[in-house]
Amino acid sequence: MTKEMLEGNVAFAEAAVRAGCEAYFGYPITPQTEALEHMSRRLPELGRVFLQAESEVAAINMVYGAASAGARVMTSSSSPGVSLMMEGLSYIAGSEVPVVLVDVMRGGPGLGNIAPSQGDYNQIVKGGGHGDYRPIVLAPATVQELIDLTYEAFDLAEKYRCITIVLADGNLGQMMEPAELPPMRPVRRVEDRPAWALTGAKGRAPNAISSIYIDPAEEEVFNRKLQAKQAEIEAREVRTRELCLDDAELAVVAFGTAGRIAQSAVKTAREAGVRVGLLRPISLYPYPYQRIRELASQVKGMLVVEMNSGQMLDDVRLAVEGRVPIRFYGRMGGMVPMPDEVHDEILALQASLSQLASPREVAQ
Amino acid sequence: MTETGMVESLIYTKPGSLMPIGTHYCPGCTHGIAHRLIAEVLDEMGLREITIGVAPVGCAVFAYNYFNTDFAEAAHGRAPAMATGIKRLNPGKLVFTYQGDGDLAAIGAAEILHVAARGENITVVFINNAVFGMTGGQMAPTTLPGQRTTSSPTGRDVETQGFPMKMCEVLSQLDGSAYIVRRSLHDVANIRRSKKALRTAFAAQQQGLGFTMVELLSTCPTNWGMKADEALHWVETHMIPAYPLGDYRVHPAVHEPRGGDRSK
Ligand SMILES: Cc1ncc(C[n+]2csc(CCOP(=O)(O)OP(=O)(O)O)c2C)c(N)n1
Ligand code: SF4
């Protein structure tokens, strides 16, 4: 396989096609519309299903229906559209059908703008729709990761019969980079659809796809089952990418595009002799609390960088439990932090720690 | 042999497309009749094993418990979108939604319009009882002018609460619609006509002609505050004048399915 120049949105759409995605239902919204356009060409030429819905509300319910039929299906959207999909996502979680969603985040709240942002973190990572559920959330930082994580998202969704969300942003969706596409997998035969799927009750008892449990005791039993599944996901699916952490005294924690920018800053600071490393969570749910907890007993301070007001910062704090000071640098509204800004923040963290450290050292 | 010497033969049994259980519907409610008609038609047309239903949010939320077919339970108003996904991935199957007026004409107004505009090859069974039944009798888009409900306590005032939505009239304007008819469940003759319309709609779907909908004027004695027979009478005297029965759009290729139509 050779690398080719690919735009993020086209790349993840093609990755989905190659993962055996049988149907795409969506509604145009910048900065991810190229994905919908790519699907409108690719899926019909392969004899698969593409449909432009009348809204995101309808699109996610079409996905819900198609997934209930046991097919590999997906949609993609950007922040305001994803807000509209939350109703459907809650029903999908309550019915345990596997679905893949790519959210290419943009500036908000409200109509906001079409520039890259990470402002959907809380909505996406903490559940989003009503009720107790969490989707698996994967955060790419390069077009290659966007491809690989979308490709894998279908397997994860099916393995756990859950929602898997690839959380990208306008920067990743619209940038072009050399990347390699995965091999084309065959589409599953209709006869091989899962036993629970709605395919007509020929020769078997009828199947029902439903999220209603009127009896509170039954609803609790179902919720306990969901939570047991979440625990399994938390035990098995935590992923991170790490850089220069072995001997680090300072750690930067950042995901997605912010993580990529932080990587440049960490490299420059290292060259200047600062013992700093980077932890980039790939899975935002399940979150790498344990790894960050370990780091908190190794490093002297942490810097969290995000393209929001500090939504992931809360999770870092939960892991660190006050063991080391945490500094935060966030840009909002579609503003993207520059590597030199992050570099300055690393130096500021270092400076603040040396001030903090001296009295303690004296006391020891 | 009976005392009169005549041979007894069973002519009326529960359709195989219904589960052998009772429903939760109120006494006198016509939801039960509508379920039975659908099930009889599925039996007679031999469609049970290829049918996938989509239940609404409303009193029919448990419809999936009552039909002996595959079923999905949609979010409020979204059944047409969910049915679209199911049908596109199961093109050879018979897909129908079962929706109340609140579900279809209020929260799901966009979804029903677009499923018709796309000519989605599904059938919608639309239960119009002029109120939100399940939530306790609030005003629906189909509530008649002057009709009292728990949220129009002095009667629906069209000045402030708008006019009833006539969904057959609206949807029949869309070119994707192949068969759009309104029937009623208030007496035996009309129940028979309703059954025939369901047959025709399912047959049209199987012919691939496009979007099909059968609206059934129905009762909600509980929330109308009436006895069962009064409610049936009210359909005849109040609802039919506001919602005239008839065929609103019939694709030229629609034909009555042959054989076994006992409803004539
Ligand atoms: C999003 C959402 N909004 C509101 C409700 C509450 N709700 C349940 S049933 C219903 C009305 C159903 O009325 P209709 O469709 O006319 O059916 P009927 O009960 O009369 O058969 C409403 C508003 C809900 N379940 N979900
Ligand atoms: S509330 Fe009305 S519509 Fe619902 S079951 Fe009772 S009578 Fe039927």
# chains A, B, ... in the order shown; residues from 1 in each chain; ligands from 1
$ residues_around --residues "region 117-129 of chain A" --least-positions-apart "5" --cutoff "6 Å" --atoms "only C-alpha atoms" --output "PDB file with all heavy atoms, in the first residue's frame"
ATOM      1  N   MET A  86     -28.870  13.682  19.386  1.00  0.00           N
ATOM      2  CA  MET A  86     -28.769  13.108  20.728  1.00  0.00           C
ATOM      3  C   MET A  86     -29.992  12.290  21.117  1.00  0.00           C
ATOM      4  O   MET A  86     -29.886  11.275  21.802  1.00  0.00           O
ATOM      5  CB  MET A  86     -28.499  14.202  21.757  1.00  0.00           C
ATOM      6  CG  MET A  86     -27.065  14.660  21.738  1.00  0.00           C
ATOM      7  SD  MET A  86     -25.963  13.266  22.057  1.00  0.00           S
ATOM      8  CE  MET A  86     -24.439  13.855  21.334  1.00  0.00           C
ATOM      9  N   GLU A  87     -31.178  12.723  20.687  1.00  0.00           N
ATOM     10  CA  GLU A  87     -32.380  11.943  20.984  1.00  0.00           C
ATOM     11  C   GLU A  87     -32.214  10.518  20.442  1.00  0.00           C
ATOM     12  O   GLU A  87     -32.371   9.537  21.172  1.00  0.00           O
ATOM     13  CB  GLU A  87     -33.610  12.588  20.328  1.00  0.00           C
ATOM     14  CG  GLU A  87     -34.861  11.764  20.505  1.00  0.00           C
ATOM     15  CD  GLU A  87     -35.968  12.118  19.525  1.00  0.00           C
ATOM     16  OE1 GLU A  87     -35.746  12.062  18.293  1.00  0.00           O
ATOM     17  OE2 GLU A  87     -37.063  12.447  19.976  1.00  0.00           O
ATOM     18  N   SER A  90     -29.647   8.278  22.228  1.00  0.00           N
ATOM     19  CA  SER A  90     -30.114   7.701  23.485  1.00  0.00           C
ATOM     20  C   SER A  90     -30.969   6.453  23.227  1.00  0.00           C
ATOM     21  O   SER A  90     -30.830   5.438  23.916  1.00  0.00           O
ATOM     22  CB  SER A  90     -30.905   8.744  24.277  1.00  0.00           C
ATOM     23  OG  SER A  90     -31.495   8.145  25.399  1.00  0.00           O
ATOM     24  N   MET A 105     -16.039  18.401  15.017  1.00  0.00           N
ATOM     25  CA  MET A 105     -16.494  19.520  15.862  1.00  0.00           C
ATOM     26  C   MET A 105     -16.140  20.889  15.297  1.00  0.00           C
ATOM     27  O   MET A 105     -15.092  21.078  14.691  1.00  0.00           O
ATOM     28  CB  MET A 105     -15.840  19.410  17.253  1.00  0.00           C
ATOM     29  CG  MET A 105     -16.321  18.249  18.077  1.00  0.00           C
ATOM     30  SD  MET A 105     -15.490  18.222  19.692  1.00  0.00           S
ATOM     31  CE  MET A 105     -13.884  17.571  19.255  1.00  0.00           C
ATOM     32  N   ARG A 106     -17.046  21.858  15.582  1.00  0.00           N
ATOM     33  CA  ARG A 106     -16.830  23.250  15.181  1.00  0.00           C
ATOM     34  C   ARG A 106     -17.171  24.173  16.349  1.00  0.00           C
ATOM     35  O   ARG A 106     -17.695  23.733  17.375  1.00  0.00           O
ATOM     36  CB  ARG A 106     -17.681  23.580  13.964  1.00  0.00           C
ATOM     37  CG  ARG A 106     -19.172  23.509  14.212  1.00  0.00           C
ATOM     38  CD  ARG A 106     -19.937  23.712  12.913  1.00  0.00           C
ATOM     39  NE  ARG A 106     -20.922  24.770  13.023  1.00  0.00           N
ATOM     40  CZ  ARG A 106     -21.721  25.145  12.032  1.00  0.00           C
ATOM     41  NH1 ARG A 106     -21.652  24.541  10.853  1.00  0.00           N
ATOM     42  NH2 ARG A 106     -22.582  26.115  12.186  1.00  0.00           N
ATOM     43  N   GLY A 107     -16.889  25.465  16.152  1.00  0.00           N
ATOM     44  CA  GLY A 107     -17.066  26.439  17.237  1.00  0.00           C
ATOM     45  C   GLY A 107     -18.522  26.610  17.640  1.00  0.00           C
ATOM     46  O   GLY A 107     -19.405  26.653  16.799  1.00  0.00           O
ATOM     47  N   ARG A 134     -22.806   5.473  27.976  1.00  0.00           N
ATOM     48  CA  ARG A 134     -21.628   6.127  27.413  1.00  0.00           C
ATOM     49  C   ARG A 134     -21.308   5.481  26.076  1.00  0.00           C
ATOM     50  O   ARG A 134     -21.214   4.258  26.007  1.00  0.00           O
ATOM     51  CB  ARG A 134     -20.409   5.946  28.324  1.00  0.00           C
ATOM     52  CG  ARG A 134     -20.515   6.576  29.690  1.00  0.00           C
ATOM     53  CD  ARG A 134     -20.325   8.078  29.613  1.00  0.00           C
ATOM     54  NE  ARG A 134     -20.214   8.633  30.947  1.00  0.00           N
ATOM     55  CZ  ARG A 134     -19.046   8.866  31.559  1.00  0.00           C
ATOM     56  NH1 ARG A 134     -17.908   8.594  30.965  1.00  0.00           N
ATOM     57  NH2 ARG A 134     -19.022   9.372  32.769  1.00  0.00           N
ATOM     58  N   TYR A 285     -13.648   8.043  26.071  1.00  0.00           N
ATOM     59  CA  TYR A 285     -14.364   7.087  26.900  1.00  0.00           C
ATOM     60  C   TYR A 285     -14.043   5.730  26.322  1.00  0.00           C
ATOM     61  O   TYR A 285     -14.313   5.510  25.156  1.00  0.00           O
ATOM     62  CB  TYR A 285     -15.885   7.267  26.944  1.00  0.00           C
ATOM     63  CG  TYR A 285     -16.469   6.186  27.839  1.00  0.00           C
ATOM     64  CD1 TYR A 285     -16.463   6.335  29.210  1.00  0.00           C
ATOM     65  CD2 TYR A 285     -16.906   4.983  27.291  1.00  0.00           C
ATOM     66  CE1 TYR A 285     -16.894   5.308  30.032  1.00  0.00           C
ATOM     67  CE2 TYR A 285     -17.342   3.952  28.112  1.00  0.00           C
ATOM     68  CZ  TYR A 285     -17.336   4.130  29.465  1.00  0.00           C
ATOM     69  OH  TYR A 285     -17.749   3.111  30.282  1.00  0.00           O
ATOM     70  N   MET A 307      -9.053  22.836  23.108  1.00  0.00           N
ATOM     71  CA  MET A 307      -9.733  23.866  22.313  1.00  0.00           C
ATOM     72  C   MET A 307     -11.156  24.014  22.853  1.00  0.00           C
ATOM     73  O   MET A 307     -12.145  23.864  22.141  1.00  0.00           O
ATOM     74  CB  MET A 307      -9.713  23.485  20.832  1.00  0.00           C
ATOM     75  CG  MET A 307      -8.322  23.733  20.226  1.00  0.00           C
ATOM     76  SD  MET A 307      -7.856  22.560  18.952  1.00  0.00           S
ATOM     77  CE  MET A 307      -9.160  22.769  17.776  1.00  0.00           C
ATOM     78  N   ASN A 308     -11.231  24.262  24.149  1.00  0.00           N
ATOM     79  CA  ASN A 308     -12.485  24.522  24.847  1.00  0.00           C
ATOM     80  C   ASN A 308     -12.125  25.134  26.196  1.00  0.00           C
ATOM     81  O   ASN A 308     -10.950  25.436  26.439  1.00  0.00           O
ATOM     82  CB  ASN A 308     -13.322  23.236  24.994  1.00  0.00           C
ATOM     83  CG  ASN A 308     -12.594  22.162  25.796  1.00  0.00           C
ATOM     84  OD1 ASN A 308     -11.911  22.456  26.764  1.00  0.00           O
ATOM     85  ND2 ASN A 308     -12.734  20.923  25.384  1.00  0.00           N
ATOM     86  N   GLY A 334     -13.336  28.344  18.142  1.00  0.00           N
ATOM     87  CA  GLY A 334     -12.752  28.035  16.843  1.00  0.00           C
ATOM     88  C   GLY A 334     -11.316  28.520  16.726  1.00  0.00           C
ATOM     89  O   GLY A 334     -10.687  28.368  15.685  1.00  0.00           O
TER      90      GLY A 334
END
$ residues_near_ligand --ligand "ligand 2" --cutoff "12 Å" --atoms "only C-alpha atoms and all ligand atoms" --output "PyMOL selection string"
chain B and resi 23-34+57-63+99-102+127-138+217-228+231-232
$ residues_around --residues "Gly119 (chain B)" --least-positions-apart "2" --cutoff "6 Å" --atoms "only C-alpha atoms" --output "MDAnalysis selection string"
chainID B and resid 116:117 176:177 210:211
$ residues_around --residues "Gly16 (chain B)" --least-positions-apart "2" --cutoff "12 Å" --atoms "only C-alpha atoms" --output "list in words"
Tyr12, Thr13, Lys14, Leu18, Met19, Pro20, Ile21, Arg36, Leu37, Ile38, Ala39, Glu40, Val41, Leu42, Asp43, Glu44, Met45, Gly46, Leu47, Arg48, Glu49, Tyr66, Phe67, Asn68 and Thr69 of chain B
$ write_last_selection --atoms "N, CA, C and O atoms" --output "JSON list (two decimals), in the first residue's frame"
[["chain", "number", "residue", "atom", "x", "y", "z"],
["B", 12, "TYR", "N", -64.11, -18.07, 13.16],
["B", 12, "TYR", "CA", -63.50, -16.84, 13.64],
["B", 12, "TYR", "C", -62.46, -17.15, 14.69],
["B", 12, "TYR", "O", -62.78, -17.53, 15.80],
["B", 13, "THR", "N", -61.19, -17.04, 14.34],
["B", 13, "THR", "CA", -60.12, -17.32, 15.31],
["B", 13, "THR", "C", -59.18, -16.12, 15.36],
["B", 13, "THR", "O", -59.25, -15.23, 14.50],
["B", 14, "LYS", "N", -58.34, -16.14, 16.35],
["B", 14, "LYS", "CA", -57.36, -15.05, 16.45],
["B", 14, "LYS", "C", -56.35, -15.18, 15.31],
["B", 14, "LYS", "O", -55.85, -16.28, 15.06],
["B", 18, "LEU", "N", -51.20, -12.14, 15.25],
["B", 18, "LEU", "CA", -51.29, -11.52, 16.58],
["B", 18, "LEU", "C", -50.79, -12.51, 17.61],
["B", 18, "LEU", "O", -51.00, -13.72, 17.48],
["B", 19, "MET", "N", -50.16, -12.01, 18.65],
["B", 19, "MET", "CA", -49.73, -12.87, 19.75],
["B", 19, "MET", "C", -50.95, -13.31, 20.57],
["B", 19, "MET", "O", -51.91, -12.53, 20.68],
["B", 20, "PRO", "N", -50.89, -14.49, 21.17],
["B", 20, "PRO", "CA", -52.05, -14.95, 21.94],
["B", 20, "PRO", "C", -52.11, -14.31, 23.32],
["B", 20, "PRO", "O", -52.10, -15.00, 24.34],
["B", 21, "ILE", "N", -52.15, -13.00, 23.37],
["B", 21, "ILE", "CA", -52.22, -12.29, 24.66],
["B", 21, "ILE", "C", -53.22, -11.14, 24.54],
["B", 21, "ILE", "O", -53.53, -10.70, 23.44],
["B", 36, "ARG", "N", -56.17, -5.81, 14.92],
["B", 36, "ARG", "CA", -56.72, -7.06, 14.40],
["B", 36, "ARG", "C", -56.81, -7.03, 12.86],
["B", 36, "ARG", "O", -56.48, -8.01, 12.19],
["B", 37, "LEU", "N", -57.25, -5.89, 12.33],
["B", 37, "LEU", "CA", -57.38, -5.80, 10.87],
["B", 37, "LEU", "C", -56.03, -6.00, 10.20],
["B", 37, "LEU", "O", -55.90, -6.73, 9.20],
["B", 38, "ILE", "N", -55.01, -5.34, 10.74],
["B", 38, "ILE", "CA", -53.66, -5.49, 10.15],
["B", 38, "ILE", "C", -53.25, -6.95, 10.19],
["B", 38, "ILE", "O", -52.77, -7.51, 9.19],
["B", 39, "ALA", "N", -53.47, -7.58, 11.35],
["B", 39, "ALA", "CA", -53.05, -8.98, 11.51],
["B", 39, "ALA", "C", -53.81, -9.89, 10.54],
["B", 39, "ALA", "O", -53.22, -10.79, 9.92],
["B", 40, "GLU", "N", -55.11, -9.66, 10.39],
["B", 40, "GLU", "CA", -55.89, -10.49, 9.45],
["B", 40, "GLU", "C", -55.34, -10.35, 8.03],
["B", 40, "GLU", "O", -55.21, -11.33, 7.29],
["B", 41, "VAL", "N", -55.04, -9.12, 7.66],
["B", 41, "VAL", "CA", -54.54, -8.88, 6.30],
["B", 41, "VAL", "C", -53.18, -9.56, 6.10],
["B", 41, "VAL", "O", -52.92, -10.20, 5.08],
["B", 42, "LEU", "N", -52.31, -9.44, 7.12],
["B", 42, "LEU", "CA", -50.99, -10.10, 7.00],
["B", 42, "LEU", "C", -51.17, -11.61, 6.84],
["B", 42, "LEU", "O", -50.50, -12.24, 6.02],
["B", 43, "ASP", "N", -52.08, -12.17, 7.62],
["B", 43, "ASP", "CA", -52.37, -13.61, 7.51],
["B", 43, "ASP", "C", -52.85, -13.96, 6.11],
["B", 43, "ASP", "O", -52.33, -14.87, 5.45],
["B", 44, "GLU", "N", -53.88, -13.23, 5.69],
["B", 44, "GLU", "CA", -54.51, -13.57, 4.40],
["B", 44, "GLU", "C", -53.55, -13.39, 3.23],
["B", 44, "GLU", "O", -53.62, -14.13, 2.25],
["B", 45, "MET", "N", -52.67, -12.42, 3.34],
["B", 45, "MET", "CA", -51.72, -12.19, 2.24],
["B", 45, "MET", "C", -50.44, -13.00, 2.42],
["B", 45, "MET", "O", -49.53, -12.93, 1.57],
["B", 46, "GLY", "N", -50.34, -13.73, 3.53],
["B", 46, "GLY", "CA", -49.15, -14.57, 3.76],
["B", 46, "GLY", "C", -47.89, -13.77, 3.98],
["B", 46, "GLY", "O", -46.79, -14.16, 3.56],
["B", 47, "LEU", "N", -48.01, -12.63, 4.66],
["B", 47, "LEU", "CA", -46.87, -11.72, 4.79],
["B", 47, "LEU", "C", -46.19, -11.74, 6.16],
["B", 47, "LEU", "O", -45.18, -11.08, 6.35],
["B", 48, "ARG", "N", -46.74, -12.49, 7.10],
["B", 48, "ARG", "CA", -46.26, -12.39, 8.48],
["B", 48, "ARG", "C", -44.74, -12.52, 8.60],
["B", 48, "ARG", "O", -44.09, -11.75, 9.29],
["B", 49, "GLU", "N", -44.19, -13.48, 7.86],
["B", 49, "GLU", "CA", -42.77, -13.79, 8.04],
["B", 49, "GLU", "C", -41.84, -12.80, 7.36],
["B", 49, "GLU", "O", -40.61, -12.87, 7.53],
["B", 66, "TYR", "N", -47.79, -7.19, 20.62],
["B", 66, "TYR", "CA", -49.05, -7.78, 20.18],
["B", 66, "TYR", "C", -48.96, -8.45, 18.82],
["B", 66, "TYR", "O", -49.74, -9.33, 18.51],
["B", 67, "PHE", "N", -48.02, -7.99, 17.98],
["B", 67, "PHE", "CA", -47.90, -8.58, 16.65],
["B", 67, "PHE", "C", -46.87, -9.70, 16.67],
["B", 67, "PHE", "O", -45.80, -9.57, 17.27],
["B", 68, "ASN", "N", -47.20, -10.77, 15.98],
["B", 68, "ASN", "CA", -46.30, -11.92, 15.88],
["B", 68, "ASN", "C", -45.35, -11.74, 14.68],
["B", 68, "ASN", "O", -45.21, -12.61, 13.83],
["B", 69, "THR", "N", -44.76, -10.54, 14.62],
["B", 69, "THR", "CA", -43.83, -10.21, 13.53],
["B", 69, "THR", "C", -42.65, -9.48, 14.16],
["B", 69, "THR", "O", -42.72, -9.05, 15.30]]
$ closest_atom_pairs --of "region 93-168 of chain B" --to "region 49-68 of chain A" --cutoff "9 Å" --atoms "only C-alpha atoms" --output "Markdown table"
| residue | atom | partner | partner_atom | distance |
| --- | --- | --- | --- | --- |
| B:Ala110 | CA | A:Glu54 | CA | 7.8 |
| B:Glu111 | CA | A:Ala58 | CA | 6.6 |
| B:His114 | CA | A:Glu54 | CA | 6.8 |
$ write_last_selection --atoms "all heavy atoms" --output "PDB file, in the first residue's frame"
ATOM      1  N   ALA B 110     -42.338  16.534  10.212  1.00  0.00           N
ATOM      2  CA  ALA B 110     -41.295  16.582   9.174  1.00  0.00           C
ATOM      3  C   ALA B 110     -41.019  15.187   8.629  1.00  0.00           C
ATOM      4  O   ALA B 110     -40.918  14.988   7.414  1.00  0.00           O
ATOM      5  CB  ALA B 110     -40.017  17.183   9.741  1.00  0.00           C
ATOM      6  N   GLU B 111     -40.919  14.214   9.527  1.00  0.00           N
ATOM      7  CA  GLU B 111     -40.570  12.865   9.087  1.00  0.00           C
ATOM      8  C   GLU B 111     -41.645  12.281   8.164  1.00  0.00           C
ATOM      9  O   GLU B 111     -41.328  11.638   7.167  1.00  0.00           O
ATOM     10  CB  GLU B 111     -40.354  11.939  10.297  1.00  0.00           C
ATOM     11  CG  GLU B 111     -39.033  12.160  11.036  1.00  0.00           C
ATOM     12  CD  GLU B 111     -39.022  13.367  11.960  1.00  0.00           C
ATOM     13  OE1 GLU B 111     -40.093  13.982  12.171  1.00  0.00           O
ATOM     14  OE2 GLU B 111     -37.946  13.723  12.472  1.00  0.00           O
ATOM     15  N   HIS B 114     -41.532  13.912   4.619  1.00  0.00           N
ATOM     16  CA  HIS B 114     -40.402  13.545   3.766  1.00  0.00           C
ATOM     17  C   HIS B 114     -40.431  12.089   3.351  1.00  0.00           C
ATOM     18  O   HIS B 114     -39.956  11.744   2.274  1.00  0.00           O
ATOM     19  CB  HIS B 114     -39.093  13.936   4.448  1.00  0.00           C
ATOM     20  CG  HIS B 114     -38.889  15.411   4.384  1.00  0.00           C
ATOM     21  ND1 HIS B 114     -38.322  16.029   3.294  1.00  0.00           N
ATOM     22  CD2 HIS B 114     -39.263  16.393   5.224  1.00  0.00           C
ATOM     23  CE1 HIS B 114     -38.326  17.343   3.494  1.00  0.00           C
ATOM     24  NE2 HIS B 114     -38.900  17.589   4.652  1.00  0.00           N
TER      25      HIS B 114
END
$ residues_around --residues "Arg42 (chain A)" --least-positions-apart "4" --cutoff "8 Å" --atoms "only C-alpha atoms" --output "MDAnalysis selection string"
chainID A and resid 17 38 46
$ write_last_selection --atoms "N, CA, C and O atoms" --output "PDB file, in the first residue's frame"
ATOM      1  N   VAL A  17     -16.283   2.943   4.116  1.00  0.00           N
ATOM      2  CA  VAL A  17     -16.649   2.101   2.964  1.00  0.00           C
ATOM      3  C   VAL A  17     -15.841   0.810   3.022  1.00  0.00           C
ATOM      4  O   VAL A  17     -16.370  -0.295   2.881  1.00  0.00           O
ATOM      5  N   HIS A  38     -18.841  12.277  -0.512  1.00  0.00           N
ATOM      6  CA  HIS A  38     -18.085  11.086  -0.918  1.00  0.00           C
ATOM      7  C   HIS A  38     -18.983   9.849  -0.869  1.00  0.00           C
ATOM      8  O   HIS A  38     -18.998   9.035  -1.797  1.00  0.00           O
ATOM      9  N   LEU A  46     -21.210   1.006  -5.352  1.00  0.00           N
ATOM     10  CA  LEU A  46     -20.919  -0.334  -4.810  1.00  0.00           C
ATOM     11  C   LEU A  46     -22.204  -1.110  -4.517  1.00  0.00           C
ATOM     12  O   LEU A  46     -22.164  -2.180  -3.914  1.00  0.00           O
TER      13      LEU A  46
END
